[in-house]
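Worksheet: the structure to be examined is printed underneath.
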Amino acid sequence: MPSDSAGASAVVLLDSFTDSFAAHLAKTQLDAARIPCFLSNENRPYGAVLGAVRLFVRTQDVAAAQEVLHAQQAPMYAVAPEPAVPASTPRCPRCHHPDVVCRHQPQPTDNLFVKLRLWLLAPEKPQCHCFHCGLDFEMSE
């Protein structure tokens, strides 16, 4: 005969994961918070082809489990913000990126063609190279 407490301890699907490592990480976080949970479909021989790894919790623990898992997520950025660049730093005229090197004289590490260009042409303005877009240009004063 079912009791009224049986509905309170029903098990529900909390989340599905295509990656078993992420599923185990979530389970570990819930275990650390002392929230009972279990995984199913975790030993899949063919990966995500046979379905996702599922994380189950009791009905009364859903809100607490979601809070634990979502509190652990830090915001992620696809590209790190660029550091502040002083206004005096030269920028590429094409892409406006500050990753530019400018010079009048050849360096010992330059190849023969760069050395010849700088020696023979003897430019009055610094010769610059943008490492972001690859543009070679003269620095305007």
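By order in the structure tokens, chains are A, B, ...; within a chain, residues start at 1; ligands start at 1, following the order shown.
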(message) Report as a ChimeraX atom specification all protein, DNA and RNA residues lying within 12 Å of range 65-67 of chain A, evaluated on only C-alpha atoms, omitting residues in the same chain fewer than 5 positions from it.
(response) /A:12-15,26-37,55-60,72-73
Create the file for the chosen residues now, containing N, CA, C and O atoms and written as a short mmCIF file (atom, residue, chain, number, x, y, z; two decimals), in the first residue's frame.
data_model
loop_
_atom_site.label_atom_id
_atom_site.label_comp_id
_atom_site.auth_asym_id
_atom_site.auth_seq_id
_atom_site.Cartn_x
_atom_site.Cartn_y
_atom_site.Cartn_z
N VAL A 12 13.50 12.42 -9.78
CA VAL A 12 13.28 13.15 -11.02
C VAL A 12 14.62 13.42 -11.71
O VAL A 12 15.67 13.47 -11.07
N LEU A 13 14.55 13.59 -13.02
CA LEU A 13 15.73 13.92 -13.81
C LEU A 13 16.10 15.38 -13.58
O LEU A 13 15.28 16.28 -13.80
N LEU A 14 17.31 15.63 -13.11
CA LEU A 14 17.76 16.99 -12.88
C LEU A 14 18.45 17.55 -14.12
O LEU A 14 18.19 18.68 -14.53
N ASP A 15 19.32 16.75 -14.76
CA ASP A 15 20.07 17.25 -15.92
C ASP A 15 20.59 16.07 -16.73
O ASP A 15 20.72 14.96 -16.22
N ALA A 26 29.29 17.16 -11.70
CA ALA A 26 28.05 17.64 -11.09
C ALA A 26 27.64 16.75 -9.93
O ALA A 26 27.21 17.23 -8.88
N LYS A 27 27.76 15.43 -10.09
CA LYS A 27 27.42 14.50 -9.01
C LYS A 27 28.32 14.72 -7.79
O LYS A 27 27.85 14.71 -6.65
N THR A 28 29.59 14.96 -8.04
CA THR A 28 30.53 15.21 -6.94
C THR A 28 30.15 16.48 -6.18
O THR A 28 30.24 16.53 -4.95
N GLN A 29 29.74 17.52 -6.91
CA GLN A 29 29.32 18.77 -6.26
C GLN A 29 28.08 18.55 -5.40
O GLN A 29 27.98 19.08 -4.29
N LEU A 30 27.15 17.76 -5.91
CA LEU A 30 25.95 17.48 -5.12
C LEU A 30 26.27 16.59 -3.92
O LEU A 30 25.71 16.78 -2.84
N ASP A 31 27.16 15.62 -4.11
CA ASP A 31 27.58 14.78 -2.98
C ASP A 31 28.24 15.62 -1.89
O ASP A 31 28.01 15.40 -0.69
N ALA A 32 29.05 16.59 -2.30
CA ALA A 32 29.72 17.46 -1.33
C ALA A 32 28.71 18.30 -0.56
O ALA A 32 28.93 18.64 0.61
N ALA A 33 27.60 18.66 -1.22
CA ALA A 33 26.54 19.43 -0.56
C ALA A 33 25.57 18.52 0.19
O ALA A 33 24.55 19.00 0.71
N ARG A 34 25.86 17.22 0.25
CA ARG A 34 25.04 16.21 0.94
C ARG A 34 23.63 16.12 0.36
O ARG A 34 22.65 15.96 1.08
N ILE A 35 23.54 16.24 -0.98
CA ILE A 35 22.27 16.07 -1.68
C ILE A 35 22.32 14.70 -2.36
O ILE A 35 23.17 14.47 -3.23
N PRO A 36 21.44 13.77 -1.96
CA PRO A 36 21.47 12.43 -2.56
C PRO A 36 21.16 12.50 -4.07
O PRO A 36 20.23 13.18 -4.49
N CYS A 37 21.96 11.79 -4.86
CA CYS A 37 21.78 11.78 -6.30
C CYS A 37 22.42 10.52 -6.88
O CYS A 37 23.19 9.85 -6.21
N LEU A 55 21.44 12.68 -14.64
CA LEU A 55 21.63 12.91 -13.21
C LEU A 55 20.25 13.04 -12.56
O LEU A 55 19.45 13.88 -12.98
N PHE A 56 20.00 12.20 -11.56
CA PHE A 56 18.70 12.17 -10.89
C PHE A 56 18.85 12.59 -9.43
O PHE A 56 19.86 12.30 -8.79
N VAL A 57 17.82 13.29 -8.92
CA VAL A 57 17.74 13.66 -7.50
C VAL A 57 16.30 13.45 -7.03
O VAL A 57 15.40 13.23 -7.84
N ARG A 58 16.10 13.53 -5.73
CA ARG A 58 14.75 13.44 -5.18
C ARG A 58 13.99 14.73 -5.48
O ARG A 58 14.59 15.79 -5.65
N THR A 59 12.68 14.65 -5.54
CA THR A 59 11.84 15.79 -5.86
C THR A 59 12.08 16.96 -4.91
O THR A 59 12.19 18.11 -5.33
N GLN A 60 12.17 16.67 -3.62
CA GLN A 60 12.33 17.75 -2.64
C GLN A 60 13.73 18.39 -2.70
O GLN A 60 13.93 19.46 -2.13
N GLN A 72 28.12 27.25 -8.95
CA GLN A 72 29.50 26.90 -9.27
C GLN A 72 29.93 27.39 -10.65
O GLN A 72 31.10 27.40 -10.96
N GLN A 73 28.99 27.77 -11.49
CA GLN A 73 29.34 28.18 -12.85
C GLN A 73 29.83 29.61 -12.85
O GLN A 73 29.13 30.52 -12.45
#
(request) With a distance cut-off of 6 Å and only C-alpha atoms, select the neighbouring residues of Ser16 in chain A, excluding the residue or stretch itself and same-chain residues fewer than 3 positions from it, and output the selection as a PyMOL selection string. (result) chain A and resi 52-54
Preceding selection exported with C-alpha atoms as a PDB file, in the first residue's frame:
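Now in part03.pdb:
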ATOM      1  CA  ALA A  52      23.230  11.156 -22.513  1.00  0.00           C
ATOM      2  CA  VAL A  53      24.376  10.530 -18.954  1.00  0.00           C
ATOM      3  CA  ARG A  54      21.458  11.464 -16.720  1.00  0.00           C
TER       4      ARG A  54
END
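Distance annotation: of A:Leu25, A:Val11, A:Ala64, A:Cys133, the residue with the minimal separation from Cys92 in chain A is A:Cys133; atom set is only C-alpha atoms.
Interatomic distance, CA of Asp61 in chain A to CA of Ser20 in chain A: 21.9 Å.
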